[in-house]
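Colleague: Hey, dropping my_file.csv in here, CSV, C-alpha atoms and all ligand atoms:
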chain,number,residue,atom,x,y,z
J,120,MET,CA,86.4,67.4,105.2
J,121,ASN,CA,87.2,68.2,108.9
J,122,VAL,CA,87.6,71.9,109.7
J,123,LEU,CA,88.8,73.4,113.0
J,124,VAL,CA,87.5,77.0,113.6
J,125,VAL,CA,89.6,78.7,116.3
J,126,GLY,CA,87.4,81.6,117.5
J,127,GLY,CA,84.3,79.7,116.4
J,128,GLY,CA,82.1,81.3,119.1
J,129,GLY,CA,82.3,84.7,117.4
J,130,THR,CA,80.5,86.3,114.5
J,131,ILE,CA,82.9,85.4,111.7
J,132,GLY,CA,83.9,81.9,113.0
J,133,SER,CA,80.3,80.8,113.5
J,134,THR,CA,79.2,82.2,110.2
J,135,VAL,CA,82.1,80.3,108.4
J,136,ALA,CA,80.9,77.2,110.2
J,137,TYR,CA,77.3,77.8,109.1
J,138,THR,CA,78.4,78.4,105.5
J,139,LEU,CA,80.5,75.2,105.4
J,140,ALA,CA,77.7,73.2,107.1
J,141,VAL,CA,75.1,74.1,104.6
J,142,GLN,CA,77.3,74.4,101.4
J,143,ARG,CA,79.4,71.3,102.1
J,144,PRO,CA,77.1,69.2,104.4
J,145,GLU,CA,79.7,66.4,104.6
J,146,THR,CA,82.0,68.8,106.5
J,147,THR,CA,82.7,68.1,110.2
J,148,VAL,CA,83.3,71.3,112.1
J,149,THR,CA,85.0,71.7,115.5
J,150,LEU,CA,84.5,75.1,117.1
J,151,ALA,CA,87.3,76.0,119.4
J,152,ASP,CA,86.6,79.0,121.7
J,153,PRO,CA,86.9,79.7,125.4
J,154,GLN,CA,83.3,80.8,125.4
J,155,THR,CA,82.1,77.2,125.6
J,156,ALA,CA,78.5,77.9,126.4
J,157,VAL,CA,78.2,80.0,123.2
J,158,THR,CA,80.1,77.4,121.0
J,159,THR,CA,78.0,74.5,122.4
J,160,GLY,CA,74.8,76.5,121.5
J,161,HIS,CA,76.2,77.2,118.0
J,162,ALA,CA,77.1,73.5,117.6
J,163,ILE,CA,73.6,72.3,118.5
J,164,ASP,CA,71.9,74.9,116.1
J,165,LEU,CA,74.4,74.1,113.3
J,166,ARG,CA,73.7,70.3,113.6
J,167,HIS,CA,70.0,71.1,113.3
J,168,ALA,CA,70.8,73.2,110.2
J,169,GLN,CA,72.7,70.2,108.7
J,170,CYS,CA,69.5,68.1,109.3
J,171,HIS,CA,67.6,70.5,107.0
J,172,VAL,CA,70.2,70.0,104.3
J,173,ALA,CA,70.1,66.3,104.9
J,174,THR,CA,66.4,66.1,104.1
J,175,ALA,CA,66.5,69.0,101.7
J,176,ALA,CA,62.7,69.4,101.7
J,177,GLY,CA,62.1,65.7,101.4
J,178,ARG,CA,65.0,65.0,99.0
J,179,PRO,CA,68.3,63.6,100.4
J,180,SER,CA,71.1,65.7,99.1
J,181,PHE,CA,74.2,64.0,100.4
J,182,GLY,CA,75.0,61.7,97.5
J,183,ASP,CA,77.4,59.0,98.7
J,184,ASP,CA,79.0,61.2,101.5
J,185,PRO,CA,77.6,60.9,105.0
J,186,PRO,CA,76.7,64.1,106.7
J,187,GLY,CA,79.2,65.8,108.9
J,188,THR,CA,78.7,67.1,112.4
J,189,VAL,CA,79.5,70.1,114.6
J,190,THR,CA,81.2,69.9,118.1
J,191,ALA,CA,82.8,72.4,120.5
J,192,ILE,CA,86.0,72.3,122.4
J,193,ASP,CA,87.7,74.7,124.9
J,194,PRO,CA,91.2,75.7,123.6
J,195,SER,CA,92.1,77.1,127.0
J,196,ALA,CA,91.8,73.6,128.6
J,197,SER,CA,95.0,72.3,126.8
J,198,PRO,CA,93.3,70.1,124.3
J,199,GLY,CA,96.6,68.9,122.9
J,200,PRO,CA,97.3,68.0,119.3
J,201,ASP,CA,94.3,65.8,118.5
J,202,PRO,CA,91.8,68.4,117.3
J,203,ILE,CA,94.5,69.8,115.0
J,204,ASP,CA,95.7,66.5,113.7
J,205,ALA,CA,92.1,65.6,113.0
J,206,ALA,CA,91.6,68.7,110.8
J,207,ASP,CA,92.1,69.0,107.1
J,208,ALA,CA,92.0,72.7,107.4
J,209,ILE,CA,91.9,75.3,110.1
J,210,VAL,CA,90.3,78.8,110.2
J,211,VAL,CA,91.5,81.4,112.8
J,212,THR,CA,89.1,84.1,113.7
J,213,ALA,CA,90.1,84.3,117.4
J,214,SER,CA,90.2,87.9,118.6
J,215,ALA,CA,90.0,90.0,121.7
J,216,ALA,CA,86.7,91.8,122.3
J,217,ARG,CA,86.6,94.7,119.8
J,218,ASP,CA,87.8,98.1,121.1
J,219,PRO,CA,85.5,101.0,120.1
J,220,ASP,CA,88.4,102.4,118.0
J,221,SER,CA,88.0,99.3,115.8
J,222,PHE,CA,84.6,100.5,114.6
J,223,GLU,CA,86.1,103.2,112.4
J,224,ARG,CA,88.4,103.2,109.5
J,225,GLY,CA,92.0,102.1,110.4
J,226,GLY,CA,90.3,100.0,113.2
J,227,ARG,CA,91.9,96.7,112.2
J,228,LEU,CA,95.0,97.8,114.1
J,229,SER,CA,93.2,98.7,117.3
J,230,ASN,CA,93.5,95.2,119.0
J,231,LEU,CA,97.0,94.7,117.6
J,232,GLU,CA,98.9,93.8,120.8
J,233,GLN,CA,96.1,91.6,122.3
J,234,ASN,CA,95.6,89.8,119.1
J,235,LEU,CA,99.3,89.2,118.5
J,236,GLU,CA,99.4,87.6,122.0
J,237,ILE,CA,96.4,85.4,121.2
J,238,ALA,CA,98.0,84.4,117.9
J,239,ALA,CA,101.3,83.5,119.7
J,240,ASP,CA,99.4,81.2,122.1
J,241,ILE,CA,97.4,79.6,119.3
J,242,GLY,CA,100.6,79.2,117.3
J,243,GLU,CA,102.3,77.4,120.2
J,244,TRP,CA,99.3,75.1,120.4
J,245,PHE,CA,99.6,74.4,116.6
J,246,GLY,CA,103.3,73.6,117.1
J,247,GLU,CA,102.2,70.5,119.1
J,248,ALA,CA,100.6,69.0,116.0
J,249,ASP,CA,101.2,68.2,112.3
J,250,PRO,CA,101.3,71.2,109.9
J,251,THR,CA,97.8,71.9,108.6
J,252,PRO,CA,96.6,74.5,106.0
J,253,THR,CA,95.3,77.5,108.0
J,254,VAL,CA,93.1,80.4,106.7
J,255,VAL,CA,93.6,83.5,109.0
J,256,ALA,CA,90.8,86.1,109.2
J,257,ALA,CA,91.6,87.6,112.6
J,258,ASN,CA,92.8,91.2,112.4
J,259,PRO,CA,95.2,92.7,111.7
J,260,THR,CA,95.3,89.8,109.3
J,261,ASP,CA,98.8,90.1,107.8
J,262,ARG,CA,100.5,90.5,111.3
J,263,ILE,CA,98.4,87.7,112.8
J,264,THR,CA,99.3,85.4,109.9
J,265,TYR,CA,103.0,86.1,110.4
J,266,ARG,CA,102.9,85.7,114.2
J,267,LEU,CA,101.0,82.4,113.9
J,268,TRP,CA,103.6,81.2,111.4
J,269,GLU,CA,106.5,82.2,113.7
J,270,ALA,CA,105.0,80.7,116.8
J,271,SER,CA,103.9,77.4,115.2
J,272,GLY,CA,107.2,76.5,113.5
J,273,TRP,CA,105.1,75.1,110.6
J,274,PRO,CA,106.2,75.7,106.9
J,275,ARG,CA,105.1,79.1,105.7
J,276,GLU,CA,103.1,77.4,102.9
J,277,ARG,CA,100.4,76.4,105.4
J,278,PHE,CA,99.3,80.0,106.1
J,279,LEU,CA,96.8,82.0,104.1
J,280,GLY,CA,95.8,85.4,105.4
J,281,TYR,CA,92.3,86.2,104.2
J,282,SER,CA,91.9,89.5,102.3
J,283,LEU,CA,89.6,88.6,99.5
J,284,SER,CA,86.7,90.7,100.7
J,285,GLU,CA,88.6,93.6,99.1
J,286,THR,CA,88.4,91.8,95.8
J,287,ALA,CA,84.6,91.4,96.2
J,288,ARG,CA,84.2,95.0,97.3
J,289,ILE,CA,86.2,96.4,94.3
J,290,ALA,CA,84.2,94.2,91.9
J,291,ASP,CA,81.0,95.6,93.2
J,292,GLU,CA,82.2,99.2,92.9
J,293,LEU,CA,83.7,98.8,89.4
J,294,ALA,CA,80.5,97.0,88.3
J,295,ARG,CA,78.4,100.0,89.3
J,296,ARG,CA,80.8,102.4,87.5
J,297,PHE,CA,80.8,100.2,84.3
J,298,ASP,CA,77.1,99.4,84.5
J,299,THR,CA,77.7,95.6,84.4
J,300,SER,CA,77.6,92.6,86.7
J,301,PRO,CA,80.3,92.1,89.4
J,302,ALA,CA,80.7,88.7,87.8
J,303,ALA,CA,82.1,90.4,84.7
J,304,VAL,CA,84.8,92.3,86.8
J,305,SER,CA,88.2,91.2,87.9
J,306,CYS,CA,90.5,93.4,89.9
J,307,PRO,CA,92.9,91.6,92.3
J,308,VAL,CA,94.0,93.3,95.4
J,309,LEU,CA,97.5,92.8,96.9
J,310,GLY,CA,99.2,94.3,99.9
J,311,GLU,CA,97.9,94.8,103.4
J,312,HIS,CA,94.4,93.9,104.6
J,313,GLY,CA,94.1,97.5,105.7
J,314,GLU,CA,94.9,101.0,104.6
J,315,HIS,CA,97.8,99.9,102.5
J,316,MET,CA,95.8,97.6,100.2
J,317,VAL,CA,97.0,97.7,96.6
J,318,PRO,CA,94.4,97.2,93.8
J,319,ALA,CA,96.2,95.9,90.7
J,320,PHE,CA,94.4,98.2,88.3
J,321,SER,CA,97.0,97.3,85.7
J,322,ARG,CA,95.5,93.7,85.6
J,323,ALA,CA,91.8,94.7,86.0
J,324,THR,CA,89.3,93.7,83.4
J,325,VAL,CA,85.6,94.3,82.8
J,326,ASP,CA,83.9,91.9,80.4
J,327,GLY,CA,87.4,90.5,79.7
J,328,GLU,CA,88.8,93.8,78.5
J,329,PRO,CA,91.5,95.9,80.3
J,330,ILE,CA,90.1,99.1,81.9
J,331,ASP,CA,91.3,102.6,81.7
J,332,LEU,CA,90.6,104.7,84.8
J,333,SER,CA,92.1,108.1,85.6
J,334,ALA,CA,94.2,108.6,88.7
J,335,THR,CA,91.2,110.4,90.3
J,336,GLU,CA,88.9,107.5,89.5
J,337,ARG,CA,91.3,105.0,90.9
J,338,GLU,CA,91.7,106.9,94.1
J,339,ALA,CA,87.9,107.1,94.5
J,340,VAL,CA,87.5,103.4,94.0
J,341,LEU,CA,90.3,102.7,96.5
J,342,GLU,CA,88.7,105.1,99.0
J,343,TYR,CA,85.4,103.2,98.6
J,344,VAL,CA,87.0,99.9,99.4
J,345,ARG,CA,88.8,101.3,102.4
J,346,ASP,CA,85.7,102.9,103.8
J,347,VAL,CA,82.9,100.4,103.1
J,348,PRO,CA,83.5,97.8,105.9
J,349,TYR,CA,83.3,100.7,108.4
J,350,ASP,CA,80.1,102.0,106.7
J,351,VAL,CA,78.7,98.5,107.2
J,352,ILE,CA,79.7,98.5,110.9
J,353,GLU,CA,78.2,101.9,111.4
J,354,ARG,CA,74.9,100.9,109.8
J,355,ARG,CA,74.3,97.5,111.5
J,356,GLY,CA,76.7,97.4,114.5
J,357,PRO,CA,80.1,95.9,115.2
J,358,GLU,CA,78.6,92.5,116.3
J,359,ASP,CA,77.9,91.8,112.7
J,360,SER,CA,80.7,93.6,110.9
J,361,SER,CA,81.0,92.2,107.3
J,362,ARG,CA,80.0,88.7,108.3
J,363,TRP,CA,78.5,87.6,105.0
J,364,VAL,CA,81.3,88.5,102.6
J,365,THR,CA,84.0,87.5,105.0
J,366,SER,CA,82.6,84.1,105.9
J,367,ARG,CA,81.6,83.2,102.3
J,368,GLY,CA,85.1,84.1,101.2
J,369,VAL,CA,86.9,82.2,104.0
J,370,ALA,CA,84.6,79.1,103.4
J,371,THR,CA,85.4,79.3,99.7
J,372,ILE,CA,89.1,79.1,100.3
J,373,VAL,CA,88.6,76.2,102.7
J,374,ALA,CA,86.5,74.4,100.0
J,375,ARG,CA,89.2,75.1,97.4
J,376,LEU,CA,91.8,73.5,99.7
J,377,ALA,CA,89.5,70.5,100.2
J,378,ASP,CA,89.2,70.2,96.4
J,379,GLY,CA,93.0,70.1,96.0
J,380,GLY,CA,93.7,73.7,95.1
J,381,THR,CA,93.2,76.3,92.4
J,382,ASP,CA,94.5,76.7,88.8
J,383,GLU,CA,94.2,80.4,88.8
J,384,PRO,CA,96.0,82.5,91.5
J,385,VAL,CA,94.1,84.2,94.3
J,386,CYS,CA,95.5,87.0,96.4
J,387,LEU,CA,96.1,85.9,100.0
J,388,SER,CA,98.6,86.9,102.7
J,389,THR,CA,101.5,84.5,103.2
J,390,PRO,CA,104.9,84.9,104.8
J,391,LEU,CA,107.4,85.9,102.0
J,392,SER,CA,110.9,84.9,101.5
J,393,GLY,CA,112.3,87.1,98.7
J,394,GLU,CA,109.2,87.0,96.4
J,395,TYR,CA,108.5,90.5,95.1
J,396,GLY,CA,111.8,91.5,96.8
J,397,LEU,CA,110.2,91.1,100.2
J,398,GLU,CA,110.9,89.0,103.3
J,399,GLY,CA,110.3,88.9,107.0
J,400,VAL,CA,106.7,89.9,106.4
J,401,SER,CA,103.3,88.6,105.3
J,402,VAL,CA,101.2,90.5,102.8
J,403,SER,CA,98.7,89.5,100.1
J,404,VAL,CA,100.2,88.3,96.9
J,405,PRO,CA,98.9,86.0,94.1
J,406,VAL,CA,99.1,82.4,95.1
J,407,ARG,CA,98.0,79.1,93.5
J,408,LEU,CA,96.6,76.9,96.2
J,409,ASP,CA,97.2,73.2,96.5
J,410,ALA,CA,95.8,70.8,99.2
J,411,GLY,CA,98.6,71.9,101.6
J,412,GLY,CA,98.0,75.6,101.3
J,413,VAL,CA,100.2,77.8,99.1
J,414,GLY,CA,101.4,75.6,96.2
J,415,GLU,CA,103.1,78.5,94.4
J,416,ILE,CA,103.6,82.3,94.8
J,417,VAL,CA,103.1,83.8,91.4
J,418,GLU,CA,105.2,86.9,90.6
J,419,TRP,CA,103.1,89.2,88.4
J,420,ASP,CA,104.6,92.0,86.4
J,421,LEU,CA,103.0,94.9,88.3
J,422,ALA,CA,102.9,98.6,87.3
J,423,PRO,CA,105.7,100.6,89.1
J,424,ASN,CA,103.2,102.4,91.4
J,425,GLU,CA,101.7,99.0,92.3
J,426,ARG,CA,105.1,97.6,93.2
J,427,ASP,CA,105.8,100.8,95.3
J,428,GLY,CA,102.4,100.3,97.0
J,429,LEU,CA,103.3,96.7,97.8
J,430,GLU,CA,106.6,97.8,99.3
J,431,ARG,CA,104.8,100.4,101.4
J,432,ALA,CA,102.3,97.8,102.6
J,433,ALA,CA,105.1,95.4,103.6
J,434,ALA,CA,107.0,98.2,105.4
J,435,ALA,CA,103.8,99.1,107.4
J,436,VAL,CA,103.2,95.5,108.4
J,437,ARG,CA,106.9,94.9,109.3
J,438,ARG,CA,107.0,98.1,111.4
J,439,SER,CA,104.3,97.0,113.7
J,440,LEU,CA,105.8,93.5,114.1
J,441,ALA,CA,109.2,94.8,115.2
J,501,LIG,N1,90.0,89.5,107.3
J,501,LIG,C1,88.8,90.0,107.1
J,501,LIG,O1,88.4,90.2,106.0
J,501,LIG,C2,87.9,90.2,108.3
J,501,LIG,C3,86.6,90.5,108.2
J,501,LIG,C4,85.8,90.6,109.3
J,501,LIG,C5,86.4,90.5,110.6
J,501,LIG,N2,87.7,90.2,110.7
J,501,LIG,C6,88.3,90.0,112.0
J,501,LIG,O2,88.0,88.7,112.4
J,501,LIG,C7,88.1,88.7,113.9
J,501,LIG,C8,86.9,88.1,114.4
J,501,LIG,O3,85.8,88.9,114.2
J,501,LIG,P1,84.4,88.6,114.9
J,501,LIG,O4,83.4,89.7,114.5
J,501,LIG,O5,84.0,87.2,114.7
J,501,LIG,O6,84.8,88.8,116.5
J,501,LIG,P2,84.1,88.2,117.7
J,501,LIG,O7,84.5,89.0,118.9
J,501,LIG,O8,82.7,88.0,117.5
J,501,LIG,O9,84.8,86.7,117.9
J,501,LIG,C9,86.1,86.5,118.3
J,501,LIG,C10,86.1,85.2,119.1
J,501,LIG,O10,87.4,84.8,119.4
J,501,LIG,C11,87.4,84.2,120.6
J,501,LIG,N3,88.7,84.0,121.2
J,501,LIG,C12,89.4,84.9,121.9
J,501,LIG,N4,90.6,84.4,122.3
J,501,LIG,C13,90.6,83.1,121.8
J,501,LIG,C14,91.6,82.1,121.8
J,501,LIG,N5,92.7,82.2,122.5
J,501,LIG,N6,91.3,80.9,121.2
J,501,LIG,C15,90.1,80.8,120.6
J,501,LIG,N7,89.1,81.7,120.5
J,501,LIG,C16,89.4,82.9,121.1
J,501,LIG,C17,86.4,85.0,121.5
J,501,LIG,O11,85.9,84.3,122.6
J,501,LIG,C18,85.3,85.3,120.4
J,501,LIG,O12,84.3,84.4,120.5
J,501,LIG,C19,88.4,90.1,114.3
J,501,LIG,O13,89.7,90.3,114.5
J,501,LIG,C20,87.9,90.9,113.1
J,501,LIG,O14,88.4,92.2,113.0
J,501,LIG,C21,88.5,90.1,109.6
J,502,LIG,O1,86.8,93.8,111.1
J,502,LIG,C1,87.1,94.8,110.5
J,502,LIG,O2,87.6,95.8,111.1
J,502,LIG,C2,86.8,95.0,109.1
J,502,LIG,C3,87.2,93.7,108.3
J,502,LIG,O3,88.6,93.5,108.3
J,502,LIG,C4,86.6,93.7,106.9
J,502,LIG,O4,87.4,93.9,106.0
J,502,LIG,O5,85.4,93.6,106.8
Is it possible to express this structure as structure tokens?

Modeller:
Amino acid sequence: MNVLVVGGGGTIGSTVAYTLAVQRPETTVTLADPQTAVTTGHAIDLRHAQCHVATAAGRPSFGDDPPGTVTAIDPSASPGPDPIDAADAIVVTASAARDPDSFERGGRLSNLEQNLEIAADIGEWFGEADPTPTVVAANPTDRITYRLWEASGWPRERFLGYSLSETARIADELARRFDTSPAAVSCPVLGEHGEHMVPAFSRATVDGEPIDLSATEREAVLEYVRDVPYDVIERRGPEDSSRWVTSRGVATIVARLADGGTDEPVCLSTPLSGEYGLEGVSVSVPVRLDAGGVGEIVEWDLAPNERDGLERAAAAVRRSLA
């Protein structure tokens, strides 16, 4: 598998690269970032990490696949279509330097204008090459996903805005409340990667059984998921943000694409064209993946308040793209 990480000099991009390099050591990663000294340093260190995996404490662990490698390119030096055409999947984490406003709740919107401009430039670059499945983590994720799609001219199925950290966070919180393992919890989250996220409590299960939470309990769980990434930033600083959950989640989606897709739907943000009654916007909805990105958008029968929440999320995203 060959993965291009646009923004690979930063925290999330480099951690996605590390995760892929050690979990799927046959992966070849290209880090694209104007901070070329940083990406070259990351590339050297990551190749050394791959050597550890290669020898795996004296035991070769590659099977029949040869090890991949890690290299760096400068996207501002007009690299043309080749790095994109070489990629089986792309990850976009490119972002302007974080504004102090971004360290607090609601902060995903603080670099909106700058990041939309960056996305438009990257989308134009993509347009020089063949459509390739693209996982977008840069914030605000839904708007950036939509802008990349518009600027690239690629089919909408190629774009997957990453919002799965919400699903992990809600599983952790519900597991605490139900005194069980997060692995026994399922609660998909639709809508915006932001304040207008929509947990689908009507589909939530613990140990395979539907759950019954009061409105007050649901609101408390939702508030936890809205607050916790900013609690993490406050505790360990914005340079780290939620690097582990985000990078593991993004790398998992890339791995699913490489493996040909998913049987079960996962909630990711993709440009909509009438699904859930929405269009002209990208928000997270359940999608089945195939090797090209979104294989199918699945229309769940949501509770009325969840459908309202999805419409509010779409309206908020659409408003700031206008
Ligand atoms: N979706 C999520 O769940 C989630 C989680 C965490 C962070 N994020 C977002 O991901 C983004 C990256 O976060 P980070 O902590 O890695 O930030 P960061 O500042 O460490 O990295 C951003 C990188 O993008 C690079 N960049 C800027 N313009 C570029 C361009 N035109 N082409 C290529 N690279 C470019 C910068 O040089 C920098 O290295 C932010 O927008 C952040 O808010 C999203
Ligand atoms: O980067 C942020 O502002 C938070 C991030 O979107 C996250 O969900 O961890």

Colleague: Taking all atoms listed in the file into account, name the residue in J:Val402, J:Leu150, J:Val364, J:Val304 that is nearest to ligand LIG 502 (chain J).

Modeller: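 Closest candidate: J:Val364.
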
Colleague: For Thr134 in chain J, which of J:Arg275, J:Arg362, J:Arg375, J:Arg426 is the closest residue, counting all atoms listed in the file?

Modeller: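 For Thr134 in chain J, the nearest of the given residues is J:Arg362.
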
Colleague: With a cut-off of 6 Å, could you pull out the residues of chain J touching ligand LIG 502 (chain J) and give me the nearest pair of atoms for each, distance in Å to one decimal, using only C-alpha atoms and all ligand atoms, ordered by chain and ascending number, as a tab-separated table?

Modeller:
residue	atom	partner	partner_atom	distance
J:Ser221	CA	J:LIG502	O2	5.9
J:Gly226	CA	J:LIG502	O2	5.4
J:Arg227	CA	J:LIG502	O2	4.5
J:Pro348	CA	J:LIG502	O5	4.7
J:Ser361	CA	J:LIG502	O5	4.6

Colleague: Quick one: residues within 6 Å of ligand LIG 501 (chain J), with all atoms listed in the file, as a count of residues only?

Modeller: 30

Colleague: Up to 8 Å from (95.4, 99.2, 105.6) in the file's coordinates: name the residues, counting only C-alpha atoms, as a PyMOL selection string.

Modeller: chain J and resi 225+227+311-316+345+432

Colleague: With the input short on atoms, add N, CA and C atoms back to range 418-441 of chain J and write it as a PDB file, in the coordinates of the input.

Modeller:
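And here's result05.pdb as it stands now:
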ATOM      1  N   GLU J 418     104.630  85.535  90.610  1.00  0.00           N
ATOM      2  CA  GLU J 418     105.200  86.900  90.600  1.00  0.00           C
ATOM      3  C   GLU J 418     104.659  87.623  89.326  1.00  0.00           C
ATOM      4  N   TRP J 419     103.645  88.450  89.529  1.00  0.00           N
ATOM      5  CA  TRP J 419     103.100  89.200  88.400  1.00  0.00           C
ATOM      6  C   TRP J 419     103.980  90.402  88.099  1.00  0.00           C
ATOM      7  N   ASP J 420     103.869  90.815  86.842  1.00  0.00           N
ATOM      8  CA  ASP J 420     104.600  92.000  86.400  1.00  0.00           C
ATOM      9  C   ASP J 420     103.684  93.212  86.711  1.00  0.00           C
ATOM     10  N   LEU J 421     103.898  93.811  87.874  1.00  0.00           N
ATOM     11  CA  LEU J 421     103.000  94.900  88.300  1.00  0.00           C
ATOM     12  C   LEU J 421     103.482  96.242  87.744  1.00  0.00           C
ATOM     13  N   ALA J 422     102.569  97.206  87.696  1.00  0.00           N
ATOM     14  CA  ALA J 422     102.900  98.600  87.300  1.00  0.00           C
ATOM     15  C   ALA J 422     103.844  99.152  88.429  1.00  0.00           C
ATOM     16  N   PRO J 423     104.737 100.104  88.078  1.00  0.00           N
ATOM     17  CA  PRO J 423     105.700 100.600  89.100  1.00  0.00           C
ATOM     18  C   PRO J 423     104.973 101.166  90.338  1.00  0.00           C
ATOM     19  N   ASN J 424     103.836 101.867  90.163  1.00  0.00           N
ATOM     20  CA  ASN J 424     103.200 102.400  91.400  1.00  0.00           C
ATOM     21  C   ASN J 424     102.560 101.276  92.216  1.00  0.00           C
ATOM     22  N   GLU J 425     102.190 100.160  91.580  1.00  0.00           N
ATOM     23  CA  GLU J 425     101.700  99.000  92.300  1.00  0.00           C
ATOM     24  C   GLU J 425     102.785  98.332  93.130  1.00  0.00           C
ATOM     25  N   ARG J 426     103.943  98.221  92.485  1.00  0.00           N
ATOM     26  CA  ARG J 426     105.100  97.600  93.200  1.00  0.00           C
ATOM     27  C   ARG J 426     105.493  98.527  94.387  1.00  0.00           C
ATOM     28  N   ASP J 427     105.468  99.835  94.162  1.00  0.00           N
ATOM     29  CA  ASP J 427     105.800 100.800  95.300  1.00  0.00           C
ATOM     30  C   ASP J 427     104.750 100.575  96.404  1.00  0.00           C
ATOM     31  N   GLY J 428     103.476 100.436  96.007  1.00  0.00           N
ATOM     32  CA  GLY J 428     102.400 100.300  97.000  1.00  0.00           C
ATOM     33  C   GLY J 428     102.629  98.983  97.802  1.00  0.00           C
ATOM     34  N   LEU J 429     103.069  97.927  97.131  1.00  0.00           N
ATOM     35  CA  LEU J 429     103.300  96.700  97.800  1.00  0.00           C
ATOM     36  C   LEU J 429     104.463  96.814  98.824  1.00  0.00           C
ATOM     37  N   GLU J 430     105.484  97.556  98.413  1.00  0.00           N
ATOM     38  CA  GLU J 430     106.600  97.800  99.300  1.00  0.00           C
ATOM     39  C   GLU J 430     106.180  98.615 100.541  1.00  0.00           C
ATOM     40  N   ARG J 431     105.319  99.614 100.291  1.00  0.00           N
ATOM     41  CA  ARG J 431     104.800 100.400 101.400  1.00  0.00           C
ATOM     42  C   ARG J 431     103.971  99.557 102.359  1.00  0.00           C
ATOM     43  N   ALA J 432     103.153  98.671 101.785  1.00  0.00           N
ATOM     44  CA  ALA J 432     102.300  97.800 102.600  1.00  0.00           C
ATOM     45  C   ALA J 432     103.220  96.895 103.478  1.00  0.00           C
ATOM     46  N   ALA J 433     104.242  96.328 102.853  1.00  0.00           N
ATOM     47  CA  ALA J 433     105.100  95.400 103.600  1.00  0.00           C
ATOM     48  C   ALA J 433     105.854  96.207 104.711  1.00  0.00           C
ATOM     49  N   ALA J 434     106.271  97.438 104.412  1.00  0.00           N
ATOM     50  CA  ALA J 434     107.000  98.200 105.400  1.00  0.00           C
ATOM     51  C   ALA J 434     106.051  98.516 106.616  1.00  0.00           C
ATOM     52  N   ALA J 435     104.778  98.817 106.326  1.00  0.00           N
ATOM     53  CA  ALA J 435     103.800  99.100 107.400  1.00  0.00           C
ATOM     54  C   ALA J 435     103.601  97.876 108.281  1.00  0.00           C
ATOM     55  N   VAL J 436     103.451  96.727 107.650  1.00  0.00           N
ATOM     56  CA  VAL J 436     103.200  95.500 108.400  1.00  0.00           C
ATOM     57  C   VAL J 436     104.472  95.159 109.242  1.00  0.00           C
ATOM     58  N   ARG J 437     105.629  95.267 108.600  1.00  0.00           N
ATOM     59  CA  ARG J 437     106.900  94.900 109.300  1.00  0.00           C
ATOM     60  C   ARG J 437     107.125  95.816 110.491  1.00  0.00           C
ATOM     61  N   ARG J 438     106.812  97.123 110.302  1.00  0.00           N
ATOM     62  CA  ARG J 438     107.000  98.100 111.400  1.00  0.00           C
ATOM     63  C   ARG J 438     106.300  97.683 112.660  1.00  0.00           C
ATOM     64  N   SER J 439     105.030  97.262 112.519  1.00  0.00           N
ATOM     65  CA  SER J 439     104.300  97.000 113.700  1.00  0.00           C
ATOM     66  C   SER J 439     104.544  95.586 114.278  1.00  0.00           C
ATOM     67  N   LEU J 440     105.352  94.798 113.589  1.00  0.00           N
ATOM     68  CA  LEU J 440     105.800  93.500 114.100  1.00  0.00           C
ATOM     69  C   LEU J 440     107.091  93.577 114.846  1.00  0.00           C
ATOM     70  N   ALA J 441     107.786  94.698 114.636  1.00  0.00           N
ATOM     71  CA  ALA J 441     109.200  94.800 115.200  1.00  0.00           C
ATOM     72  C   ALA J 441     109.154  94.827 116.687  1.00  0.00           C
TER      73      ALA J 441
END
